[in-house]
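Participant: Take a look at protein_15.txt, compact mmCIF, C-alpha atoms:
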```txt
# COMPACT_ATOMS: atom_id res chain seq x y z
CA MET A 26 25.86 13.33 33.99
CA HIS A 27 23.31 10.80 32.87
CA GLN A 28 22.05 11.48 29.38
CA THR A 29 18.77 10.34 28.00
CA THR A 30 17.95 10.44 24.32
CA VAL A 31 14.33 10.09 23.35
CA ARG A 32 13.53 9.82 19.68
CA VAL A 33 10.32 11.53 18.65
CA ALA A 34 9.23 8.62 16.50
CA GLU A 35 9.49 6.24 19.41
CA GLY A 36 7.51 8.68 21.52
CA ALA A 37 4.70 8.68 18.98
CA LEU A 38 4.62 4.90 18.95
CA ASP A 39 4.73 4.79 22.76
CA ALA A 40 1.73 7.10 22.91
CA ASN A 41 -0.06 4.88 20.43
CA GLU A 42 0.67 1.85 22.60
CA THR A 43 -0.77 3.60 25.66
CA ILE A 44 -4.02 4.31 23.84
CA ALA A 45 -4.07 0.78 22.39
CA ASP A 46 -3.90 -0.56 25.96
CA ALA A 47 -6.92 1.56 26.85
CA ASN A 48 -8.78 0.21 23.83
CA ARG A 49 -7.89 -3.35 24.80
CA ALA A 50 -9.18 -2.75 28.34
CA ASP A 51 -12.50 -1.53 26.91
CA PHE A 52 -12.76 -4.52 24.60
CA ASP A 53 -11.89 -6.87 27.48
CA ARG A 54 -14.56 -5.39 29.73
CA ALA A 55 -17.10 -5.99 26.98
CA GLY A 56 -15.79 -9.52 26.36
CA VAL A 57 -14.95 -8.68 22.75
CA ARG A 58 -11.93 -10.09 20.95
CA VAL A 59 -10.40 -8.00 18.20
CA VAL A 60 -8.73 -8.96 14.93
CA ASN A 61 -6.65 -6.43 13.00
CA LEU A 62 -7.00 -7.44 9.33
CA MET A 63 -4.32 -5.96 7.12
CA GLY A 64 -3.00 -6.22 3.58
CA ALA A 65 -2.16 -4.29 0.41
CA PRO A 66 -4.84 -2.42 -1.56
CA GLY A 67 -6.83 -4.97 -3.52
CA ALA A 68 -5.43 -8.02 -1.72
CA GLY A 69 -9.00 -9.15 -1.05
CA LYS A 70 -9.60 -8.21 2.58
CA THR A 71 -13.21 -7.17 2.04
CA ALA A 72 -14.01 -10.10 -0.27
CA LEU A 73 -12.67 -12.51 2.35
CA LEU A 74 -14.72 -10.79 5.05
CA GLU A 75 -17.84 -11.07 2.91
CA SER A 76 -17.17 -14.76 2.51
CA ALA A 77 -16.39 -15.49 6.17
CA LEU A 78 -19.25 -13.50 7.66
CA GLU A 79 -21.96 -15.11 5.56
CA GLU A 80 -22.23 -17.83 8.17
CA THR A 81 -20.98 -17.20 11.69
CA GLY A 82 -23.21 -19.59 13.65
CA ASP A 83 -23.84 -18.33 17.18
CA LEU A 84 -20.88 -16.01 17.10
CA ARG A 85 -21.78 -12.34 16.92
CA VAL A 86 -19.32 -10.43 14.77
CA GLY A 87 -18.92 -6.71 14.14
CA VAL A 88 -16.73 -4.91 11.64
CA LEU A 89 -14.81 -1.65 11.85
CA GLU A 90 -13.92 -0.45 8.34
CA GLY A 91 -10.89 1.78 7.94
CA ASP A 92 -10.56 3.67 4.68
CA VAL A 93 -8.92 6.86 3.54
CA ARG A 94 -12.24 8.00 2.13
CA GLY A 95 -15.72 6.75 1.37
CA HIS A 96 -17.57 3.69 2.52
CA LEU A 97 -17.40 1.35 -0.47
CA ASP A 98 -16.24 -1.60 1.66
CA ALA A 99 -18.89 -1.00 4.32
CA ASP A 100 -21.50 -0.96 1.54
CA ARG A 101 -20.24 -4.34 0.32
CA LEU A 102 -20.81 -5.77 3.81
CA ALA A 103 -24.25 -4.21 4.25
CA HIS A 104 -26.18 -7.34 3.21
CA LEU A 105 -24.53 -9.46 5.89
CA HIS A 106 -26.56 -8.20 8.84
CA VAL A 107 -23.46 -7.53 10.94
CA PRO A 108 -22.93 -4.12 12.53
CA VAL A 109 -20.40 -2.15 10.47
CA THR A 110 -18.75 1.05 11.67
CA GLN A 111 -16.78 3.24 9.26
CA ILE A 112 -13.66 5.29 9.99
CA ASN A 113 -12.26 7.65 7.35
CA THR A 114 -8.69 8.77 7.80
CA ASP A 115 -8.77 11.68 5.36
CA PRO A 116 -9.33 14.64 7.70
CA ALA A 117 -5.59 14.44 8.36
CA PHE A 118 -3.48 15.89 5.56
CA GLY A 119 -4.49 14.08 2.38
CA GLY A 120 -5.39 10.94 4.30
CA GLU A 121 -3.60 8.80 6.86
CA CYS A 122 -2.28 5.54 5.44
CA HIS A 123 -3.17 3.45 8.50
CA LEU A 124 -5.44 3.22 11.50
CA ASP A 125 -3.89 4.13 14.82
CA ALA A 126 -5.10 3.44 18.34
CA ASN A 127 -6.57 6.90 18.74
CA MET A 128 -8.69 6.66 15.59
CA VAL A 129 -10.05 3.33 16.82
CA ARG A 130 -10.62 4.88 20.26
CA SER A 131 -12.72 7.61 18.69
CA ALA A 132 -14.84 4.95 16.98
CA ILE A 133 -15.48 2.81 20.07
CA PRO A 134 -18.63 4.70 21.16
CA SER A 135 -20.13 3.88 17.74
CA ILE A 136 -19.43 0.15 18.00
CA PRO A 137 -22.15 -1.95 19.70
CA LEU A 138 -19.66 -3.83 21.90
CA ASP A 139 -22.46 -5.36 24.02
CA GLU A 140 -23.91 -7.04 20.94
CA ILE A 141 -20.77 -8.68 19.55
CA ASP A 142 -18.19 -11.28 20.53
CA LEU A 143 -15.63 -10.55 17.83
CA LEU A 144 -14.66 -7.27 16.18
CA VAL A 145 -12.82 -7.45 12.88
CA VAL A 146 -11.02 -4.23 12.02
CA GLU A 147 -10.26 -3.91 8.32
CA ASN A 148 -7.25 -1.62 8.19
CA VAL A 149 -6.30 0.76 5.35
CA GLY A 150 -4.76 -1.09 2.40
CA ASN A 151 -1.02 -0.68 3.01
CA LEU A 152 1.91 -3.00 3.80
CA VAL A 153 3.97 -0.55 5.85
CA CYS A 154 2.48 1.69 8.56
CA PRO A 155 -0.48 -0.43 9.74
CA ALA A 156 2.11 -2.91 11.04
CA GLU A 157 3.67 -0.19 13.20
CA PHE A 158 0.51 0.94 14.95
CA THR A 159 -1.27 -1.42 17.32
CA ILE A 160 -4.91 -0.59 17.89
CA GLY A 161 -5.73 -2.83 20.87
CA GLU A 162 -6.12 -6.02 18.87
CA ASP A 163 -5.74 -9.62 20.09
CA ARG A 164 -4.77 -11.05 16.73
CA ARG A 165 -3.18 -9.82 13.55
CA ILE A 166 -4.10 -11.42 10.28
CA MET A 167 -2.83 -10.28 6.92
CA VAL A 168 -4.02 -11.01 3.42
CA SER A 169 -1.42 -11.33 0.68
CA SER A 170 -2.47 -12.17 -2.86
CA VAL A 171 -0.51 -14.19 -5.41
CA THR A 172 -0.78 -11.32 -7.89
CA GLU A 173 1.42 -9.18 -5.64
CA GLY A 174 4.48 -11.37 -6.15
CA ASP A 175 6.32 -13.92 -4.05
CA ASP A 176 8.95 -11.41 -2.87
CA LYS A 177 6.66 -9.43 -0.59
CA PRO A 178 7.69 -10.89 2.82
CA LEU A 179 11.26 -9.73 2.17
CA LYS A 180 10.17 -6.30 0.91
CA TYR A 181 7.70 -5.55 3.72
CA PRO A 182 9.16 -7.62 6.58
CA LEU A 183 7.56 -5.85 9.55
CA MET A 184 4.03 -6.49 8.26
CA PHE A 185 4.66 -10.20 7.79
CA ARG A 186 6.60 -10.42 11.05
CA THR A 187 3.83 -9.01 13.22
CA CYS A 188 1.05 -11.28 11.94
CA GLU A 189 0.06 -14.63 13.41
CA LEU A 190 -1.77 -15.74 10.28
CA VAL A 191 -1.04 -15.00 6.62
CA VAL A 192 -3.90 -15.65 4.21
CA LEU A 193 -2.58 -16.23 0.70
CA ASN A 194 -5.48 -15.17 -1.50
CA LYS A 195 -6.32 -15.46 -5.23
CA VAL A 196 -4.72 -18.91 -5.58
CA ASP A 197 -7.11 -19.47 -8.49
CA LEU A 198 -4.83 -17.14 -10.47
CA LEU A 199 -1.67 -19.21 -9.84
CA PRO A 200 -1.75 -20.75 -13.35
CA HIS A 201 -1.77 -17.25 -14.84
CA VAL A 202 0.92 -15.45 -12.83
CA ASP A 203 4.61 -15.92 -12.10
CA PHE A 204 4.27 -16.72 -8.41
CA ASP A 205 6.32 -19.48 -6.76
CA VAL A 206 4.46 -20.64 -3.63
CA ALA A 207 7.61 -22.36 -2.33
CA ARG A 208 9.60 -19.16 -2.67
CA PHE A 209 6.86 -17.19 -0.89
CA THR A 210 6.77 -19.76 1.92
CA ALA A 211 10.56 -19.65 2.27
CA SER A 212 10.53 -15.83 2.35
CA LEU A 213 7.79 -15.83 4.98
CA ASP A 214 9.69 -18.42 7.00
CA GLN A 215 12.74 -16.18 6.88
CA VAL A 216 10.98 -13.16 8.41
CA ASN A 217 8.40 -14.95 10.58
CA PRO A 218 8.90 -18.68 11.12
CA ARG A 219 5.93 -18.85 13.52
CA ALA A 220 3.38 -17.47 11.08
CA GLU A 221 0.63 -19.80 9.98
CA LEU A 222 -0.22 -19.80 6.29
CA ILE A 223 -3.43 -20.78 4.55
CA GLU A 224 -4.23 -20.65 0.85
CA VAL A 225 -7.62 -19.40 -0.32
CA SER A 226 -9.52 -17.96 -3.22
CA ALA A 227 -12.25 -15.53 -2.26
CA ARG A 228 -13.45 -15.71 -5.87
CA THR A 229 -13.88 -19.49 -6.22
CA GLY A 230 -14.49 -20.26 -2.55
CA ASP A 231 -11.46 -22.53 -2.40
CA GLY A 232 -10.29 -22.72 1.24
CA ALA A 233 -13.23 -20.58 2.40
CA ASP A 234 -14.28 -22.93 5.21
CA GLU A 235 -10.78 -23.07 6.66
CA TRP A 236 -10.48 -19.28 6.41
CA ARG A 237 -13.80 -18.78 8.22
CA ARG A 238 -12.77 -21.26 10.92
CA ARG A 239 -9.46 -19.47 11.49
CA LEU A 240 -11.02 -16.02 11.59
CA LEU A 241 -13.82 -16.96 13.98
CA ALA A 242 -11.37 -18.91 16.18
CA ALA A 243 -9.94 -15.55 17.17
CA ALA A 244 -13.00 -15.13 19.37
CA ALA A 245 -12.13 -18.19 21.48
CA PRO A 246 -10.63 -17.53 24.95
CA ALA A 247 -7.54 -19.51 23.92
CA ALA A 248 -6.88 -16.89 21.28
CA ARG A 249 -5.42 -14.58 23.91
CA MET B 10 -7.07 41.03 15.67
CA HIS B 11 -5.94 39.01 12.72
CA GLN B 12 -5.64 35.34 13.58
CA THR B 13 -3.46 32.87 11.78
CA THR B 14 -3.81 29.15 12.23
CA VAL B 15 -0.98 26.95 11.00
CA ARG B 16 -1.52 23.22 11.06
CA VAL B 17 1.55 21.14 11.85
CA ALA B 18 0.80 18.71 9.05
CA GLU B 19 0.75 21.51 6.51
CA GLY B 20 4.04 22.74 7.92
CA ALA B 21 5.62 19.33 7.32
CA LEU B 22 4.34 19.29 3.76
CA ASP B 23 5.52 22.86 3.20
CA ALA B 24 9.01 21.88 4.33
CA ASN B 25 8.88 18.93 1.97
CA GLU B 26 7.89 21.25 -0.90
CA THR B 27 10.83 23.55 -0.14
CA ILE B 28 13.27 20.66 -0.36
CA ALA B 29 11.53 19.32 -3.48
CA ASP B 30 12.12 22.71 -5.12
CA ALA B 31 15.81 22.43 -4.30
CA ASN B 32 15.89 18.94 -5.82
CA ARG B 33 14.15 20.20 -8.95
CA ALA B 34 16.72 23.00 -9.27
CA ASP B 35 19.54 20.46 -9.09
CA PHE B 36 17.88 18.24 -11.67
CA ASP B 37 17.26 21.25 -13.94
CA ARG B 38 20.88 22.36 -13.75
CA ALA B 39 21.91 18.87 -14.85
CA GLY B 40 19.28 18.82 -17.59
CA VAL B 41 17.61 15.75 -16.06
CA ARG B 42 13.85 15.19 -16.13
CA VAL B 43 12.35 13.18 -13.31
CA VAL B 44 9.42 10.76 -13.20
CA ASN B 45 7.88 9.71 -9.89
CA LEU B 46 6.56 6.17 -10.50
CA MET B 47 4.01 5.08 -7.91
CA GLY B 48 1.55 2.25 -7.25
CA ALA B 49 0.45 -0.38 -4.77
CA PRO B 50 2.77 -3.22 -3.70
CA GLY B 51 2.88 -5.74 -6.52
CA ALA B 52 1.19 -3.52 -9.10
CA GLY B 53 4.09 -4.21 -11.45
CA LYS B 54 6.19 -1.06 -11.27
CA THR B 55 9.51 -2.90 -11.46
CA ALA B 56 8.33 -5.31 -14.15
CA LEU B 57 7.20 -2.36 -16.28
CA LEU B 58 10.52 -0.61 -15.73
CA GLU B 59 12.39 -3.73 -16.79
CA SER B 60 10.32 -3.84 -19.94
CA ALA B 61 10.63 -0.13 -20.81
CA LEU B 62 14.34 0.19 -20.14
CA GLU B 63 15.38 -2.73 -22.32
CA GLU B 64 15.53 -0.39 -25.27
CA THR B 65 15.90 3.34 -24.69
CA GLY B 66 17.62 4.34 -27.92
CA ASP B 67 19.85 7.38 -27.43
CA LEU B 68 18.11 8.37 -24.23
CA ARG B 69 20.17 7.86 -21.09
CA VAL B 70 17.99 6.74 -18.20
CA GLY B 71 18.79 6.26 -14.51
CA VAL B 72 16.68 4.72 -11.77
CA LEU B 73 16.28 5.59 -8.10
CA GLU B 74 14.75 2.65 -6.24
CA GLY B 75 12.80 3.35 -3.06
CA ASP B 76 12.10 0.41 -0.79
CA VAL B 77 11.44 -0.07 2.89
CA ARG B 78 14.23 -2.60 2.99
CA GLY B 79 16.55 -4.56 0.72
CA HIS B 80 17.43 -4.14 -2.92
CA LEU B 81 15.40 -6.83 -4.66
CA ASP B 82 14.06 -4.41 -7.27
CA ALA B 83 17.46 -2.91 -7.96
CA ASP B 84 18.78 -6.45 -8.48
CA ARG B 85 16.04 -7.09 -11.03
CA LEU B 86 17.20 -4.04 -13.00
CA ALA B 87 20.91 -4.90 -12.78
CA HIS B 88 21.06 -6.55 -16.22
CA LEU B 89 19.78 -3.42 -17.97
CA HIS B 90 23.01 -1.44 -17.84
CA VAL B 91 21.32 1.64 -16.43
CA PRO B 92 22.65 3.28 -13.28
CA VAL B 93 20.46 2.27 -10.31
CA THR B 94 20.63 3.96 -6.91
CA GLN B 95 18.88 2.41 -3.90
CA ILE B 96 17.20 4.22 -1.00
CA ASN B 97 15.95 2.24 1.99
CA THR B 98 13.42 3.96 4.21
CA ASP B 99 13.70 1.63 7.19
CA PRO B 100 16.10 3.58 9.45
CA ALA B 101 13.01 5.56 10.46
CA PHE B 102 10.77 3.74 12.89
CA GLY B 103 9.87 0.43 11.26
CA GLY B 104 10.15 1.91 7.81
CA GLU B 105 8.70 4.96 6.11
CA CYS B 106 5.88 4.15 3.69
CA HIS B 107 6.93 6.68 1.06
CA LEU B 108 9.85 8.65 -0.29
CA ASP B 109 9.99 12.30 0.67
CA ALA B 110 11.99 15.14 -0.84
CA ASN B 111 14.68 14.95 1.82
CA MET B 112 15.32 11.24 1.25
CA VAL B 113 15.71 11.93 -2.47
CA ARG B 114 17.95 14.90 -1.65
CA SER B 115 20.25 12.65 0.37
CA ALA B 116 20.49 10.30 -2.62
CA ILE B 117 21.33 12.96 -5.23
CA PRO B 118 25.12 12.81 -4.68
CA SER B 119 24.95 9.08 -5.53
CA ILE B 120 23.06 9.60 -8.79
CA PRO B 121 25.24 10.21 -11.89
CA LEU B 122 23.17 13.20 -13.07
CA ASP B 123 25.76 14.14 -15.72
CA GLU B 124 25.34 10.77 -17.40
CA ILE B 125 21.55 10.64 -17.67
CA ASP B 126 18.70 12.52 -19.33
CA LEU B 127 15.81 10.95 -17.42
CA LEU B 128 15.61 9.73 -13.83
CA VAL B 129 12.80 7.33 -12.94
CA VAL B 130 12.12 7.17 -9.22
CA GLU B 131 10.31 4.00 -8.21
CA ASN B 132 8.49 4.95 -5.02
CA VAL B 133 7.58 2.65 -2.12
CA GLY B 134 4.54 0.49 -2.93
CA ASN B 135 1.67 2.43 -1.35
CA LEU B 136 -1.43 4.25 -2.60
CA VAL B 137 -1.62 6.89 0.14
CA CYS B 138 1.42 8.84 1.37
CA PRO B 139 3.61 8.86 -1.78
CA ALA B 140 0.92 11.06 -3.36
CA GLU B 141 1.31 13.61 -0.56
CA PHE B 142 5.05 14.07 -0.81
CA THR B 143 6.54 15.65 -3.92
CA ILE B 144 10.20 14.83 -4.48
CA GLY B 145 11.13 17.32 -7.22
CA GLU B 146 9.62 15.36 -10.09
CA ASP B 147 8.38 16.67 -13.45
CA ARG B 148 5.86 13.91 -14.04
CA ARG B 149 3.83 11.53 -11.92
CA ILE B 150 2.92 8.15 -13.31
CA MET B 151 1.08 5.47 -11.39
CA VAL B 152 0.63 1.79 -12.03
CA SER B 153 -2.68 0.19 -11.09
CA SER B 154 -3.29 -3.47 -11.79
CA VAL B 155 -6.59 -5.10 -12.69
CA THR B 156 -6.18 -7.54 -9.79
CA GLU B 157 -6.52 -4.66 -7.32
CA GLY B 158 -10.14 -4.00 -8.24
CA ASP B 159 -11.94 -1.34 -10.26
CA ASP B 160 -12.88 0.70 -7.15
CA LYS B 161 -9.39 1.97 -6.40
CA PRO B 162 -9.64 5.53 -7.83
CA LEU B 163 -12.53 6.22 -5.44
CA LYS B 164 -10.78 4.62 -2.47
CA TYR B 165 -7.40 6.32 -2.96
CA PRO B 166 -8.43 9.53 -4.75
CA LEU B 167 -5.39 11.70 -4.02
CA MET B 168 -3.03 9.20 -5.66
CA PHE B 169 -5.08 9.03 -8.84
CA ARG B 170 -5.71 12.79 -8.79
CA THR B 171 -2.05 13.77 -8.72
CA CYS B 172 -0.91 11.59 -11.62
CA GLU B 173 -0.78 12.62 -15.27
CA LEU B 174 -0.69 9.05 -16.53
CA VAL B 175 -2.30 5.90 -15.13
CA VAL B 176 -0.91 2.62 -16.42
CA LEU B 177 -3.46 -0.16 -16.05
CA ASN B 178 -1.32 -3.29 -15.81
CA LYS B 179 -1.98 -7.05 -15.89
CA VAL B 180 -4.74 -6.75 -18.50
CA ASP B 181 -3.88 -10.34 -19.50
CA LEU B 182 -5.70 -11.35 -16.28
CA LEU B 183 -8.97 -9.60 -17.21
CA PRO B 184 -10.67 -12.88 -18.22
CA HIS B 185 -9.88 -14.31 -14.78
CA VAL B 186 -10.86 -11.47 -12.44
CA ASP B 187 -13.96 -9.42 -11.69
CA PHE B 188 -12.69 -6.12 -13.02
CA ASP B 189 -14.88 -3.81 -15.09
CA VAL B 190 -12.65 -1.55 -17.20
CA ALA B 191 -15.55 0.81 -17.88
CA ARG B 192 -16.22 1.19 -14.17
CA PHE B 193 -12.52 1.83 -13.51
CA THR B 194 -12.41 4.43 -16.28
CA ALA B 195 -15.52 6.14 -14.92
CA SER B 196 -14.07 6.18 -11.39
CA LEU B 197 -10.81 7.62 -12.67
CA ASP B 198 -12.70 10.23 -14.67
CA GLN B 199 -14.56 11.20 -11.51
CA VAL B 200 -11.40 11.96 -9.51
CA ASN B 201 -9.08 13.05 -12.34
CA PRO B 202 -10.69 13.76 -15.71
CA ARG B 203 -7.36 14.92 -17.17
CA ALA B 204 -5.48 11.70 -16.45
CA GLU B 205 -4.35 9.69 -19.45
CA LEU B 206 -4.88 5.95 -19.27
CA ILE B 207 -3.07 3.16 -21.08
CA GLU B 208 -3.60 -0.58 -20.75
CA VAL B 209 -0.62 -2.91 -20.62
CA SER B 210 0.56 -6.32 -19.57
CA ALA B 211 4.14 -6.46 -18.36
CA ARG B 212 3.87 -10.25 -18.51
CA THR B 213 2.74 -10.69 -22.12
CA GLY B 214 4.25 -7.50 -23.51
CA ASP B 215 0.86 -6.22 -24.60
CA GLY B 216 1.02 -2.43 -24.83
CA ALA B 217 4.74 -2.44 -23.99
CA ASP B 218 5.76 -0.19 -26.89
CA GLU B 219 3.18 2.44 -26.01
CA TRP B 220 4.21 2.30 -22.35
CA ARG B 221 7.90 2.75 -23.25
CA ARG B 222 7.02 5.65 -25.54
CA ARG B 223 5.02 7.38 -22.79
CA LEU B 224 7.68 6.88 -20.14
CA LEU B 225 10.57 8.08 -22.28
CA ALA B 226 8.50 11.04 -23.54
CA ALA B 227 8.84 12.46 -20.04
CA ALA B 228 12.40 13.38 -20.99
CA ALA B 229 11.26 15.70 -23.79
CA PRO B 230 11.43 19.46 -23.10
CA ALA B 231 7.67 19.66 -23.76
CA ALA B 232 7.12 17.42 -20.74
CA ARG B 233 7.63 20.39 -18.45
```
Could you take the file, read its structure, and then write that structure out as structure tokens?
Facilitator:
Amino acid sequence: MHQTTVRVAEGALDANETIADANRADFDRAGVRVVNLMGAPGAGKTALLESALEETGDLRVGVLEGDVRGHLDADRLAHLHVPVTQINTDPAFGGECHLDANMVRSAIPSIPLDEIDLLVVENVGNLVCPAEFTIGEDRRIMVSSVTEGDDKPLKYPLMFRTCELVVLNKVDLLPHVDFDVARFTASLDQVNPRAELIEVSARTGDGADEWRRRLLAAAAPAAR
Amino acid sequence: MHQTTVRVAEGALDANETIADANRADFDRAGVRVVNLMGAPGAGKTALLESALEETGDLRVGVLEGDVRGHLDADRLAHLHVPVTQINTDPAFGGECHLDANMVRSAIPSIPLDEIDLLVVENVGNLVCPAEFTIGEDRRIMVSSVTEGDDKPLKYPLMFRTCELVVLNKVDLLPHVDFDVARFTASLDQVNPRAELIEVSARTGDGADEWRRRLLAAAAPAAR
């Protein structure tokens, strides 16, 4: 007799992938590319978005903000004149620690897809589960800050493995923390040798132009 | 007709609570108090443990290290001559983002309960799900670092609400970051007015004695 074993966890992720495909089809029809922006709480995701979206040229960018509760990050982006949609994950027991494809799907009717070329989804601050749940994105970018320690790629390998670009933020603090950039680079290389790495400081503006260029490049057809 | 609605999520948390009670009973029988130490990735949980456990007097302390993968934190504690037990959460799809009561239960046979008075459980770095899952602890302590931003109590309210003590770490970096201690304190007060707050720097040793005193006090009978 042929036996089939299906693990529930895999089933949940399969279902997520199915919905993510539907999201991607909707984004494709609208000609919108999608970046899933991830990182730990306080890594600087919102600060980097504020910096990059100050000047987007002809490119029309929208933001989908994922938070457990509240809209503090959306408020921070309000002055940028980009459409911002907020998702809160807290109706589910105590708050979900990540966005999943279905949450993003429920937000799609609120996103003005016809008015944007690029949608940046700021995920919930977390280095574990957001990496497991695709949402229909074209690109994955993560922000890691030097204050978090140079061991993080080895401690949260899936997150670093599934990103095409790692943005090392808060490099202005390097003189004040015990962070070895070479050790971080070697750790990242160990879990994801194809990842690109840029160094920035959202606070001083160091590397801001390169960061903006990389983020907005996700809207180019070649980004697929 | 009387209707009863049971949400699946609540059921999962109820099951966790049942197992947590069993853990607590085991710890009680052994006369061991348990601290659940939580915080974001890179907040400084391990560094603070290294500092506090250098000198514990007559108190016998053990550590249970929770990580998605690897044993980097356990290695950092190896020189302290305290028993360290490691749990990895990654057998479950891609890695669980928190410890739950059942994971801790499976580790209990590996913890030398007869040889310790206090067990410190270092949870997975995450500000969401660890707050939702009790593990049989007597006390909850969280580490929040000034580099994460002063808005965190409002963004991750459940975590801050369920802790008795908040350790604000990396205060040596205050001159170099945009962190308003008064705003943080007000935010914390808003979600958890009963939380105690201490300021420390694991790097400079500032506040280290007070931190050690507070951690080890969790072993006192009055801590229950």
Participant: One decimal, in Å: what's the spacing between CA of Ala34 (chain B) and CA of Asp123 (chain B)?
Facilitator: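 Atom-to-atom, CA of Ala34 (chain B) and CA of Asp123 (chain B) are spaced 14.2 Å apart.
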Participant: Restrict the calculation to all atoms listed in the file, then for each residue of chain A with any atom at most 10 Å from an atom of chain B give the closest atom pair and their distance in Å to one decimal, rows by chain and rising residue number, as CSV.
Facilitator:
```
residue,atom,partner,partner_atom,distance
A:Arg32,CA,B:Phe102,CA,9.5
A:Val33,CA,B:Phe102,CA,9.7
A:Ala34,CA,B:Phe102,CA,6.3
A:Glu35,CA,B:Phe102,CA,7.1
A:Ala37,CA,B:Phe102,CA,9.9
A:Leu38,CA,B:Phe102,CA,8.7
A:Gly64,CA,B:Pro50,CA,9.8
A:Ala65,CA,B:Pro50,CA,6.5
A:Pro66,CA,B:Glu157,CA,6.4
A:Gly67,CA,B:Glu157,CA,3.8
A:Ala68,CA,B:Glu157,CA,6.6
A:Gly69,CA,B:Glu157,CA,8.1
A:Asp92,CA,B:Lys164,CA,7.2
A:Val93,CA,B:Lys164,CA,6.7
A:Arg94,CA,B:Lys164,CA,5.9
A:Gly95,CA,B:Lys164,CA,6.6
A:His96,CA,B:Lys164,CA,8.5
A:Leu97,CA,B:Lys164,CA,7.6
A:Asp98,CA,B:Lys164,CA,9.2
A:Asp115,CA,B:Leu167,CA,10.0
A:Ala117,CA,B:Ala18,CA,7.7
A:Phe118,CA,B:Ala18,CA,6.2
A:Gly119,CA,B:Glu141,CA,6.5
A:Gly120,CA,B:Val137,CA,6.9
A:Glu121,CA,B:Val137,CA,7.3
A:Cys122,CA,B:Val137,CA,5.5
A:His123,CA,B:Val137,CA,9.2
A:Val149,CA,B:Val137,CA,9.3
A:Gly150,CA,B:Leu136,CA,8.0
A:Asn151,CA,B:Asn135,CA,6.0
A:Leu152,CA,B:Asn135,CA,7.5
A:Val153,CA,B:Cys106,CA,5.5
A:Cys154,CA,B:Cys106,CA,6.4
A:Pro155,CA,B:Cys106,CA,9.9
A:Ala156,CA,B:Gly103,CA,8.5
A:Glu157,CA,B:Gly103,CA,6.5
A:Ser170,CA,B:Thr156,CA,9.1
A:Val171,CA,B:Gly51,CA,9.2
A:Thr172,CA,B:Gly51,CA,6.8
A:Glu173,CA,B:Gly51,CA,3.8
A:Gly174,CA,B:Gly51,CA,5.9
A:Asp175,CA,B:Gly51,CA,9.2
A:Asp176,CA,B:Leu81,CA,8.1
A:Lys177,CA,B:Gly51,CA,7.9
A:Leu179,CA,B:Gly79,CA,7.5
A:Lys180,CA,B:Arg78,CA,5.9
A:Tyr181,CA,B:Val77,CA,6.7
A:Pro182,CA,B:Arg78,CA,8.0
A:Leu183,CA,B:Gly103,CA,6.9
A:Met184,CA,B:Gly103,CA,9.5
A:Lys195,CA,B:Thr156,CA,9.1
A:Asp197,CA,B:His185,CA,8.6
A:Leu198,CA,B:His185,CA,7.2
A:His201,CA,B:Leu182,CA,7.2
A:Val202,CA,B:Arg212,CA,8.2
A:Asp203,CA,B:Arg212,CA,8.6
A:Arg228,CA,B:Val186,CA,8.2
```
Participant: Find the distance between CA of Ile141 (chain A) and CA of Asp39 (chain A) and write it in Å to one decimal.
Facilitator: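 We find that CA of Ile141 (chain A) and CA of Asp39 (chain A) lie 29.0 Å from each other.
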Participant: Using all atoms listed in the file, which residue out of A:Thr71, A:Asn41, A:Ser169, A:Thr81 lies closest to Asp125 (chain A)?
Facilitator: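 Once distances to Asp125 (chain A) are computed over all atoms listed in the file, the minimum belongs to A:Asn41.
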Participant: Enter the distance from CA of Ile44 (chain A) to CA of Val191 (chain A), in Å, rounded to one decimal.
Facilitator: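 Value for the CA of Ile44 (chain A)-CA of Val191 (chain A) distance: 26.0 Å.
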Participant: Can you work out which one of B:Val209, B:Val180, B:Ala204, B:Leu73 has the shortest atom-to-atom distance to Asn45 (chain B), counting only C-alpha atoms?
Facilitator: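 Ranking B:Val209, B:Val180, B:Ala204, B:Leu73 by distance to Asn45 (chain B), first place goes to B:Leu73.
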Participant: Measuring atom to atom with only C-alpha atoms, identify which of B:Phe36, B:Val43, B:Asp189, B:Leu58 is nearest to Glu146 (chain B).
Facilitator: B:Val43
Participant: So, with all atoms listed in the file as the atoms that count, which of B:Leu183, B:Leu174, B:Met47, B:Ile96 lies closest to Arg223 (chain B)?
Facilitator: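 Selected residue with least distance to Arg223 (chain B): B:Leu174.
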